[in-house]
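**Q** See coords-v6.cif below, with mmCIF, C-alpha atoms.
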data_final
loop_
_atom_site.label_atom_id
_atom_site.label_comp_id
_atom_site.auth_asym_id
_atom_site.auth_seq_id
_atom_site.Cartn_x
_atom_site.Cartn_y
_atom_site.Cartn_z
CA MET A 202 -51.50 -165.02 26.68
CA THR A 203 -50.99 -166.84 29.94
CA LEU A 204 -53.52 -166.59 32.67
CA ALA A 205 -51.41 -166.56 35.75
CA GLY A 206 -52.83 -165.79 39.11
CA ASP A 207 -54.54 -167.44 41.99
CA ARG A 208 -57.34 -169.42 40.44
CA GLU A 209 -58.84 -170.43 43.73
CA MET A 210 -59.28 -166.99 45.18
CA MET A 211 -62.83 -165.76 45.31
CA PRO A 212 -62.98 -162.05 44.54
CA SER A 213 -65.51 -160.09 46.58
CA PRO A 214 -68.77 -159.04 44.93
CA ASP A 215 -67.53 -155.44 44.93
CA GLU A 216 -64.29 -156.42 43.23
CA LEU A 217 -66.18 -158.32 40.53
CA ALA A 218 -68.54 -155.40 40.00
CA GLY A 219 -65.51 -153.11 39.79
CA LEU A 220 -63.95 -155.29 37.09
CA LEU A 221 -67.17 -155.16 35.07
CA THR A 222 -67.29 -151.39 35.39
CA ARG A 223 -63.75 -151.19 34.01
CA VAL A 224 -64.81 -153.32 31.07
CA ALA A 225 -67.86 -151.14 30.47
CA GLN A 226 -66.15 -147.78 30.80
CA HIS A 227 -62.65 -148.37 29.48
CA GLU A 228 -62.89 -151.58 27.44
CA ASP A 229 -60.25 -152.82 29.86
CA LYS A 230 -58.99 -156.16 28.59
CA GLN A 231 -57.05 -156.88 31.76
CA ALA A 232 -60.20 -156.57 33.84
CA PHE A 233 -61.95 -158.77 31.30
CA ALA A 234 -59.18 -161.36 31.60
CA ALA A 235 -59.68 -161.42 35.37
CA ILE A 236 -63.42 -162.01 34.91
CA PHE A 237 -62.67 -164.74 32.39
CA ARG A 238 -60.19 -166.37 34.74
CA PHE A 239 -62.71 -166.54 37.54
CA TYR A 240 -65.86 -167.45 35.65
CA ALA A 241 -64.90 -169.40 32.53
CA PRO A 242 -63.76 -172.62 34.28
CA ARG A 243 -66.70 -172.51 36.70
CA LEU A 244 -69.19 -171.85 33.93
CA LYS A 245 -67.86 -174.81 32.01
CA SER A 246 -68.35 -177.12 35.01
CA PHE A 247 -71.84 -175.74 35.47
CA LEU A 248 -72.76 -176.32 31.82
CA ILE A 249 -71.35 -179.85 31.85
CA ARG A 250 -73.61 -180.62 34.82
CA GLN A 251 -76.51 -179.11 32.89
CA GLY A 252 -76.00 -181.77 30.26
CA TYR A 253 -74.30 -179.87 27.45
CA ALA A 254 -71.69 -181.73 25.40
CA GLU A 255 -68.01 -180.87 25.93
CA ASN A 256 -67.65 -178.81 22.73
CA GLU A 257 -70.99 -177.06 23.30
CA CYS A 258 -69.84 -176.07 26.78
CA GLU A 259 -66.80 -174.23 25.50
CA ASP A 260 -68.80 -172.57 22.74
CA LEU A 261 -71.30 -171.40 25.34
CA VAL A 262 -68.56 -170.20 27.69
CA GLN A 263 -67.06 -168.23 24.80
CA GLU A 264 -70.43 -166.77 23.77
CA THR A 265 -71.23 -165.87 27.36
CA MET A 266 -67.87 -164.14 27.80
CA VAL A 267 -68.30 -162.19 24.55
CA ASN A 268 -71.75 -161.12 25.76
CA ILE A 269 -70.33 -160.05 29.11
CA TRP A 270 -67.91 -157.80 27.21
CA ARG A 271 -70.65 -156.35 25.03
CA LYS A 272 -73.30 -155.95 27.70
CA ALA A 273 -71.08 -154.83 30.57
CA ALA A 274 -72.58 -151.34 30.47
CA SER A 275 -76.05 -152.73 31.16
CA PHE A 276 -74.94 -154.47 34.35
CA ASP A 277 -76.59 -152.83 37.33
CA PRO A 278 -75.17 -153.88 40.71
CA VAL A 279 -78.39 -152.81 42.41
CA LYS A 280 -80.42 -155.24 40.31
CA ALA A 281 -78.28 -158.34 40.54
CA GLY A 282 -74.95 -159.71 41.65
CA VAL A 283 -72.29 -160.33 38.99
CA SER A 284 -72.62 -164.11 39.26
CA THR A 285 -76.39 -163.97 38.89
CA TRP A 286 -76.11 -161.63 35.92
CA ILE A 287 -73.63 -163.97 34.25
CA PHE A 288 -75.77 -166.98 35.10
CA THR A 289 -78.78 -165.42 33.31
CA ILE A 290 -76.67 -164.59 30.23
CA ALA A 291 -75.37 -168.17 30.00
CA ARG A 292 -78.83 -169.60 30.63
CA ASN A 293 -80.43 -167.54 27.89
CA LEU A 294 -77.71 -168.42 25.39
CA GLY A 295 -78.14 -172.09 26.30
CA ILE A 296 -81.87 -171.91 25.72
CA ASP A 297 -81.32 -170.27 22.32
CA ARG A 298 -78.90 -173.00 21.40
CA ARG A 299 -81.29 -175.76 22.44
CA ARG A 300 -84.01 -174.11 20.40
CA ARG A 301 -81.82 -173.88 17.34
CA ASP A 302 -80.70 -177.48 17.66
CA GLY A 303 -84.17 -178.69 18.57
CA ARG A 304 -86.44 -180.45 16.18
CA GLY A 305 -87.87 -177.07 15.27
CA GLY A 306 -85.85 -177.15 12.08
CA SER A 307 -85.24 -173.90 10.29
CA ARG A 308 -86.32 -171.10 12.53
CA ARG A 309 -86.61 -167.93 10.54
CA ASP A 310 -86.57 -165.60 13.49
CA LEU A 311 -84.51 -166.62 16.45
CA GLU A 312 -86.00 -165.06 19.48
CA THR A 313 -84.05 -164.53 22.62
CA PHE A 314 -85.24 -165.94 25.92
CA GLU A 315 -88.45 -164.14 26.79
CA GLU A 316 -86.86 -161.60 29.04
CA VAL A 317 -89.16 -159.80 31.37
CA ASP A 318 -88.94 -156.85 33.64
CA PRO A 319 -86.44 -154.50 32.06
CA ASP A 320 -87.44 -152.04 34.73
CA PRO A 321 -87.31 -153.58 38.19
CA THR A 322 -89.76 -152.53 40.82
CA ALA A 323 -88.58 -151.12 44.13
CA GLU A 324 -89.74 -154.33 45.72
CA ALA A 325 -87.66 -156.52 43.45
CA MET A 326 -84.62 -154.30 43.93
CA LEU A 327 -84.86 -154.55 47.67
CA ILE A 328 -84.84 -158.30 47.44
CA THR A 329 -82.03 -158.67 44.91
CA ARG A 330 -79.66 -156.29 46.66
CA GLN A 331 -77.05 -158.29 48.53
CA SER A 332 -79.04 -161.40 47.87
CA GLU A 333 -76.35 -163.64 46.42
CA VAL A 334 -74.77 -163.53 49.86
CA LYS A 335 -78.11 -164.31 51.44
CA VAL A 336 -78.85 -167.18 49.11
CA ARG A 337 -75.46 -168.68 49.86
CA GLN A 338 -76.19 -168.46 53.58
CA ALA A 339 -79.71 -169.78 53.17
CA LEU A 340 -78.52 -172.79 51.17
CA THR A 341 -76.10 -173.73 53.93
CA LEU A 342 -78.81 -173.35 56.57
CA LEU A 343 -81.27 -175.64 54.77
CA PRO A 344 -81.40 -179.31 55.70
CA ALA A 345 -79.12 -181.14 53.26
CA GLU A 346 -81.88 -182.99 51.44
CA GLN A 347 -83.82 -179.77 50.86
CA ALA A 348 -80.78 -177.95 49.54
CA ALA A 349 -80.12 -180.93 47.28
CA VAL A 350 -83.62 -180.75 45.82
CA ILE A 351 -83.11 -177.09 44.93
CA ARG A 352 -79.65 -177.65 43.46
CA MET A 353 -80.93 -180.56 41.39
CA SER A 354 -83.53 -178.34 39.78
CA PHE A 355 -80.70 -176.61 37.93
CA PHE A 356 -79.17 -179.78 36.62
CA ALA A 357 -82.10 -181.92 35.51
CA GLU A 358 -84.97 -181.22 33.16
CA ASN A 359 -87.44 -183.15 35.25
CA PRO A 360 -85.82 -183.06 38.68
CA GLN A 361 -88.82 -184.21 40.67
CA ALA A 362 -89.39 -187.38 38.68
CA GLU A 363 -85.66 -188.11 38.83
CA ILE A 364 -85.50 -187.59 42.57
CA ALA A 365 -88.53 -189.83 43.07
CA LYS A 366 -86.88 -192.54 41.01
CA MET A 367 -83.54 -192.16 42.75
CA LEU A 368 -84.95 -192.30 46.26
CA GLY A 369 -87.75 -194.72 45.45
CA ILE A 370 -90.45 -192.47 46.91
CA PRO A 371 -93.75 -191.30 45.36
CA LEU A 372 -93.75 -188.21 43.17
CA GLY A 373 -96.25 -186.54 45.50
CA THR A 374 -93.79 -186.80 48.39
CA VAL A 375 -91.06 -185.22 46.30
CA LYS A 376 -93.39 -182.41 45.28
CA SER A 377 -94.23 -181.54 48.88
CA ARG A 378 -90.53 -181.72 49.76
CA VAL A 379 -89.69 -179.27 46.98
CA ARG A 380 -92.47 -176.97 48.13
CA LEU A 381 -91.16 -177.09 51.68
CA ALA A 382 -87.59 -176.49 50.53
CA LEU A 383 -88.59 -173.44 48.48
CA GLN A 384 -90.60 -172.04 51.36
CA ARG A 385 -87.67 -172.51 53.75
CA LEU A 386 -85.22 -170.99 51.32
CA ARG A 387 -87.27 -167.85 50.89
CA GLN A 388 -88.04 -167.61 54.58
CA THR A 389 -84.38 -167.97 55.51
CA MET A 390 -83.42 -165.30 53.00
CA GLU A 391 -85.97 -162.91 54.38
CA ASP A 392 -84.93 -163.54 57.98
CA THR A 393 -81.19 -163.18 57.60
CA MET B 133 -104.88 -160.46 44.07
CA LYS B 134 -102.49 -162.40 41.91
CA THR B 135 -101.58 -165.68 43.37
CA VAL B 136 -98.69 -167.97 42.80
CA HIS B 137 -100.28 -171.18 43.86
CA GLN B 138 -97.92 -173.31 45.80
CA THR B 139 -97.82 -175.97 43.14
CA SER B 140 -96.52 -173.35 40.73
CA GLU B 141 -93.53 -172.08 42.66
CA ASP B 142 -91.44 -174.98 41.48
CA LEU B 143 -92.33 -173.96 37.92
CA LEU B 144 -90.70 -170.61 38.64
CA LEU B 145 -87.61 -172.44 39.89
CA ARG B 146 -87.39 -174.64 36.80
CA TYR B 147 -87.96 -171.59 34.61
CA ALA B 148 -85.21 -169.69 36.44
CA ALA B 149 -82.92 -172.69 35.98
CA GLY B 150 -83.57 -172.69 32.22
CA GLN B 151 -84.95 -176.22 32.40
CA LEU B 152 -88.47 -175.70 31.07
CA ARG B 153 -89.25 -176.59 27.46
CA PRO B 154 -90.16 -173.61 25.21
CA ALA B 155 -93.97 -173.92 25.47
CA PRO B 156 -94.23 -174.13 29.27
CA ALA B 157 -91.46 -171.52 29.49
CA LEU B 158 -93.58 -169.12 27.44
CA VAL B 159 -96.55 -169.59 29.79
CA VAL B 160 -94.37 -168.95 32.85
CA ALA B 161 -92.71 -165.93 31.17
CA SER B 162 -96.17 -164.50 30.44
CA HIS B 163 -97.18 -165.06 34.05
CA VAL B 164 -94.04 -163.36 35.30
CA ALA B 165 -94.79 -160.38 33.06
CA MET B 166 -98.18 -160.10 34.83
CA SER B 167 -97.04 -160.59 38.42
CA ARG B 168 -94.70 -158.38 40.46
CA SER B 169 -94.43 -160.90 43.26
CA SER B 170 -93.37 -163.63 40.85
CA ARG B 171 -90.75 -161.31 39.38
CA ALA B 172 -89.30 -160.96 42.86
CA ILE B 173 -89.38 -164.73 43.45
CA LEU B 174 -87.79 -165.34 40.04
CA GLY B 175 -85.00 -162.94 41.01
CA GLN B 176 -84.37 -164.98 44.15
CA PHE B 177 -84.21 -168.22 42.21
CA GLU B 178 -81.84 -166.69 39.64
CA ASN B 179 -79.61 -165.77 42.56
CA VAL B 180 -79.43 -169.48 43.36
CA GLY B 181 -78.08 -169.96 39.83
CA GLY B 182 -75.40 -167.33 40.49
CA VAL B 183 -74.41 -169.01 43.74
CA LEU B 184 -74.23 -172.41 42.03
CA ILE B 185 -71.82 -171.02 39.45
CA ASP B 186 -69.57 -169.67 42.22
CA GLU B 187 -69.56 -173.11 43.87
CA GLN B 188 -68.48 -175.04 40.80
CA PRO B 189 -65.10 -176.73 40.62
CA LEU B 190 -62.71 -175.37 37.99
CA ALA B 191 -62.96 -177.21 34.70
CA GLU B 192 -60.00 -177.58 32.38
CA LEU B 193 -60.33 -175.15 29.46
CA SER B 194 -58.88 -175.52 25.98
CA ALA B 195 -55.64 -173.58 25.83
CA ASP B 196 -56.93 -171.23 23.14
CA LEU B 197 -60.35 -170.45 24.62
CA PHE B 198 -59.33 -167.04 25.89
CA GLU B 199 -57.75 -166.15 22.54
CA ARG B 200 -60.89 -167.27 20.74
CA THR B 201 -62.98 -165.16 23.09
CA LEU B 202 -60.84 -162.10 22.43
CA ALA B 203 -61.23 -162.70 18.71
CA GLY B 204 -64.99 -162.87 19.31
CA ILE B 205 -65.18 -159.50 21.01
CA ASP B 206 -63.33 -157.87 18.14
CA GLN B 207 -66.00 -158.96 15.70
CA ALA B 208 -69.02 -156.77 15.15
CA ALA B 209 -72.00 -157.70 17.30
CA PRO B 210 -74.71 -159.48 15.34
CA SER B 211 -77.83 -157.39 14.98
CA GLU B 212 -80.51 -158.30 17.48
CA PRO B 213 -83.46 -160.15 15.99
CA SER B 214 -86.45 -157.89 15.82
CA ALA B 215 -89.05 -158.76 18.39
CA GLN B 216 -91.97 -156.71 17.19
CA PRO B 217 -95.24 -157.76 18.78
CA HIS B 218 -97.62 -159.27 16.28
CA ASP B 219 -101.00 -157.71 15.72
CA HIS B 220 -103.65 -159.80 17.46
CA ASP B 221 -106.62 -157.48 16.97
CA ALA B 222 -108.32 -160.03 14.75
CA LEU B 223 -108.72 -162.33 17.75
CA ALA B 224 -110.86 -159.65 19.47
CA MET B 225 -109.91 -160.55 23.02
CA GLY B 226 -110.31 -157.07 24.51
CA ILE B 227 -107.14 -157.36 26.60
CA ALA B 228 -103.48 -156.52 26.17
CA LEU B 229 -101.47 -159.72 25.95
CA PRO B 230 -98.37 -160.06 28.14
CA GLU B 231 -95.31 -159.25 26.05
CA PRO B 232 -93.77 -162.72 25.64
CA LEU B 233 -97.08 -163.97 24.27
CA ALA B 234 -97.73 -160.86 22.16
CA ARG B 235 -94.48 -161.51 20.25
CA ARG B 236 -95.83 -164.82 18.99
CA LYS B 237 -97.93 -165.58 15.96
CA ILE B 238 -101.36 -166.85 16.93
CA GLY B 239 -103.76 -168.67 14.62
CA PRO B 240 -107.49 -167.97 14.26
CA TRP B 241 -110.15 -169.06 16.76
CA LYS B 242 -111.42 -172.55 16.10
CA TRP B 243 -114.44 -174.38 17.40
CA LEU B 244 -113.85 -176.77 20.28
CA GLY B 245 -117.36 -177.23 21.61
CA PRO B 246 -120.53 -175.17 22.10
CA GLY B 247 -119.29 -171.61 22.73
CA VAL B 248 -115.78 -172.87 23.43
CA ARG B 249 -112.95 -171.91 21.10
CA PHE B 250 -109.22 -172.35 20.92
CA ALA B 251 -106.42 -170.67 18.98
CA ARG B 252 -103.03 -172.20 18.44
CA ILE B 253 -99.84 -170.29 19.26
CA GLU B 254 -97.06 -170.95 16.79
CA MET B 255 -94.10 -172.62 18.44
CA PRO B 256 -92.25 -174.76 15.92
CA GLU B 257 -89.31 -175.25 18.28
CA ASP B 258 -91.40 -177.28 20.70
CA PRO B 259 -93.33 -180.00 18.83
CA ASP B 260 -93.97 -182.00 22.02
CA HIS B 261 -96.37 -179.46 23.44
CA ASN B 262 -99.68 -177.99 22.43
CA LEU B 263 -99.74 -174.29 23.20
CA VAL B 264 -103.19 -172.78 22.89
CA LEU B 265 -105.46 -169.98 23.95
CA LEU B 266 -108.71 -171.31 25.32
CA ARG B 267 -111.82 -169.13 25.32
CA VAL B 268 -114.82 -170.22 27.38
CA PRO B 269 -118.09 -168.30 27.96
CA ALA B 270 -119.31 -167.22 31.42
CA GLY B 271 -120.70 -170.00 33.57
CA ARG B 272 -119.48 -172.76 31.29
CA ALA B 273 -117.24 -175.62 32.33
CA LEU B 274 -113.81 -175.81 30.75
CA PRO B 275 -113.56 -178.84 28.45
CA GLU B 276 -113.12 -181.85 30.68
CA HIS B 277 -110.02 -183.65 29.63
CA SER B 278 -107.10 -185.71 30.70
CA HIS B 279 -103.57 -185.43 29.41
CA SER B 280 -100.48 -187.50 29.16
CA GLY B 281 -98.10 -185.01 30.74
CA ASP B 282 -97.89 -181.69 32.50
CA GLU B 283 -100.40 -178.95 31.90
CA ILE B 284 -99.79 -175.31 32.73
CA THR B 285 -102.54 -172.71 32.64
CA LEU B 286 -102.34 -168.92 32.87
CA VAL B 287 -105.52 -166.90 33.27
CA LEU B 288 -105.47 -163.91 30.90
CA LYS B 289 -109.04 -162.64 31.16
CA GLY B 290 -112.00 -163.38 33.41
CA SER B 291 -111.85 -165.99 36.11
CA PHE B 292 -112.74 -169.57 36.88
CA HIS B 293 -113.00 -171.78 39.92
CA ASP B 294 -112.62 -175.42 40.81
CA GLU B 295 -112.61 -177.54 43.95
CA ALA B 296 -109.37 -175.91 45.10
CA GLY B 297 -110.20 -172.23 44.66
CA ARG B 298 -110.72 -169.29 42.36
CA TYR B 299 -108.28 -168.20 39.67
CA LEU B 300 -107.91 -164.62 38.46
CA PRO B 301 -105.99 -162.92 35.63
CA GLY B 302 -102.27 -163.44 36.15
CA ASP B 303 -102.72 -166.68 38.12
CA LEU B 304 -100.59 -169.61 37.08
CA ILE B 305 -101.85 -173.13 37.65
CA GLY B 306 -99.62 -176.16 37.20
CA GLU B 307 -101.20 -179.59 36.97
CA ASP B 308 -99.58 -182.94 36.48
CA GLU B 309 -101.14 -186.02 34.98
CA GLU B 310 -102.42 -187.12 38.37
CA THR B 311 -104.78 -184.20 38.79
CA ASP B 312 -108.39 -184.51 37.88
CA HIS B 313 -110.57 -181.47 38.30
CA THR B 314 -113.56 -179.66 36.85
CA PRO B 315 -112.92 -175.94 36.35
CA ILE B 316 -115.96 -173.72 35.77
CA VAL B 317 -115.83 -170.16 34.43
CA ASP B 318 -117.32 -167.57 36.79
CA GLU B 319 -120.66 -165.96 35.92
CA ASP B 320 -119.39 -162.42 35.40
CA GLY B 321 -117.76 -162.86 32.02
CA GLU B 322 -115.89 -165.02 29.54
CA CYS B 323 -112.54 -166.48 30.41
CA ILE B 324 -109.43 -166.64 28.22
CA CYS B 325 -106.52 -168.81 29.31
CA LEU B 326 -103.11 -169.62 27.88
CA VAL B 327 -102.53 -173.35 28.19
CA SER B 328 -99.48 -175.51 27.55
CA LEU B 329 -100.21 -179.20 27.28
CA GLU B 330 -97.54 -181.84 27.16
CA GLY B 331 -98.44 -184.63 24.77
CA SER B 332 -101.89 -184.78 23.33
CA MET B 333 -105.03 -183.83 25.16
CA ARG B 334 -107.78 -186.36 25.54
CA ILE B 335 -111.16 -184.74 25.70
CA LYS B 336 -113.40 -186.87 27.88
CA SER B 337 -116.92 -186.16 26.64
CA TRP B 338 -118.41 -188.20 23.79
CA LEU B 339 -118.66 -185.00 21.78
CA GLY B 340 -115.00 -184.25 22.38
CA ARG B 341 -113.96 -187.71 21.33
CA LEU B 342 -116.08 -187.31 18.25
CA VAL B 343 -114.58 -184.01 17.14
CA GLN B 344 -111.03 -184.44 18.34
CA PRO B 345 -109.74 -186.12 15.18
CA PHE B 346 -110.99 -183.16 13.17
CA ILE B 347 -109.63 -180.31 15.27
CA GLY B 348 -106.23 -181.86 15.74
CA LEU B 349 -105.57 -181.10 19.39
#
Just dump the structure as structure tokens.

**A**
Amino acid sequence: MTLAGDREMMPSPDELAGLLTRVAQHEDKQAFAAIFRFYAPRLKSFLIRQGYAENECEDLVQETMVNIWRKAASFDPVKAGVSTWIFTIARNLGIDRRRRDGRGGSRRDLETFEEVDPDPTAEAMLITRQSEVKVRQALTLLPAEQAAVIRMSFFAENPQAEIAKMLGIPLGTVKSRVRLALQRLRQTMEDT
Amino acid sequence: MKTVHQTSEDLLLRYAAGQLRPAPALVVASHVAMSRSSRAILGQFENVGGVLIDEQPLAELSADLFERTLAGIDQAAPSEPSAQPHDHDALAMGIALPEPLARRKIGPWKWLGPGVRFARIEMPEDPDHNLVLLRVPAGRALPEHSHSGDEITLVLKGSFHDEAGRYLPGDLIGEDEETDHTPIVDEDGECICLVSLEGSMRIKSWLGRLVQPFIGL
């Protein structure tokens, strides 16, 4: 099957949610292909930056996509945006994989990522609604070095030590910078 | 009042990013299960993850990846591993454990000092960390120690205080190797904490140094 189409175009959050609904309700493979087309190449880039090996990345992309198909019915647009939902699926699968491959040896019972909060509070729902858009705005409004600190947290196991080393500044300074960045991010999201 | 101390917010970010090792991740997951405000913050940080995926450049995929994925969805879903909480009545803690912790096997209480006990949480997938419950009587100081890496503490029962403030059930406290402090349990009851220690713990008192080889912390 060829995957023609405009690979650069960013579908709107509503369009993405609509595609997922079609997968959930009608097992619509065309809608699934559209989701794959948008997310699979981005997910792979993301996983490469997270330090997974090339072959692991594609395995994880495949596993994530299969899980999107299977779990589509549990997607709740009020709780999270499509991208965030997919991010958490990929993250949890990645953690499972690292556990399996870790020095833990033969694990008899593979546990999934300790998922919490199956039942979101009103408060949490209020915050997550529309919040991918807000986060995107907030990240652009942050001073570049603060946004960089937050981004780096997703791509390094010990981001603060690495930043300190890279910039040649004390760890304490980095820690207060991270704190400031997180405060700003949340403030900006609440204000916009 | 359940506080996310400022030093701990970056733990929530690293947890959201999937970058914490299993032992510290379990402590943060248990905290999140106990704190509504941290659940909301975690949701915000997970949104950052979603935004970062949208921003990524398009990687080249193997030509057959979509076909392989379609083959994957046609296979039967593997059965979910059972995640039955273990029975921890024997530890007689008098509290309900947060779910991520309750799912784990926990060893028996062992002696760590006068009145002070610890129990080890099984976590074979993370041999670089000690993950323990620490149980300290009212009014007693927590074992004074230093450690080679990060330490994360979650208060499960009772409360303690140190130079910086008072810590109540649900509070998460992150310390790095630079911190030196003397936490003391409040007078109104015993305190049980979940602690993840990176590397080995060095107990500072002469008694601690004496017993450490025998208790294996």

**Q** Please find the residues of chain B near chain A - the criterion being any atom within 8 Å, counting all atoms listed in the file - and write them as a PyMOL selection string.

**A** chain B and resi 138-139+141-142+145-146+149-152+154+158+161+164-165+168+171-172+175-176+178-193+197-202+204-205+209+213+215+232+256-259

**Q** Tell me which of B:Ile316, B:Ala270, B:Val160, B:Cys323 sits closest to Gly290 in chain B, counting all atoms listed in the file.

**A**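 That would be B:Cys323, the residue with the smallest distance to Gly290 in chain B.
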
**Q** Please compute the CA of Lys289 in chain B-CA of Arg235 in chain B distance, one decimal, in Å.

**A** 18.2 Å

**Q** How would you write, as a PyMOL selection string, the residues chosen by the PyMOL selection byres ((chain B and resi 251) around 6) on this structure?

**A** chain B and resi 239-241+250+252+264-265

**Q** Given the PyMOL selection byres ((chain B and resi 221-229) around 8) and the file above, list the residues it selects as a PyMOL selection string.

**A** chain B and resi 219-220+230-231+233-234+240-241+288-289

**Q** What lies within 7 Å of Asn262 in chain B using all atoms listed in the file, ignoring chain neighbours under 3 positions off, as a list in words?

**A**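 So, after excluding close chain neighbours, the residues are Ser328, Leu329 and Glu330 of chain B.
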
**Q** To verify the selection step, state as number ranges by chain which residues the PyMOL selection byres ((chain B and resi 248) around 9) yields on this input.

**A** B: 242-247, 249-250, 266-269, 272, 274-275

**Q** What separation in Å, quoted to one decimal, exists between CA of Asp215 in chain A and CA of Ala274 in chain A?

**A** 15.9 Å

**Q** Please report the interatomic distance between CA of Leu144 in chain B and CA of Gln388 in chain A in Å with one decimal.

**A** 16.4 Å

**Q** Write out as an MDAnalysis selection string the residues lying within 10 Å of Arg223 in chain A, counting all atoms listed in the file and excluding same-chain residues fewer than 4 positions away.

**A** chainID A and resid 217:219 227:233 273:274
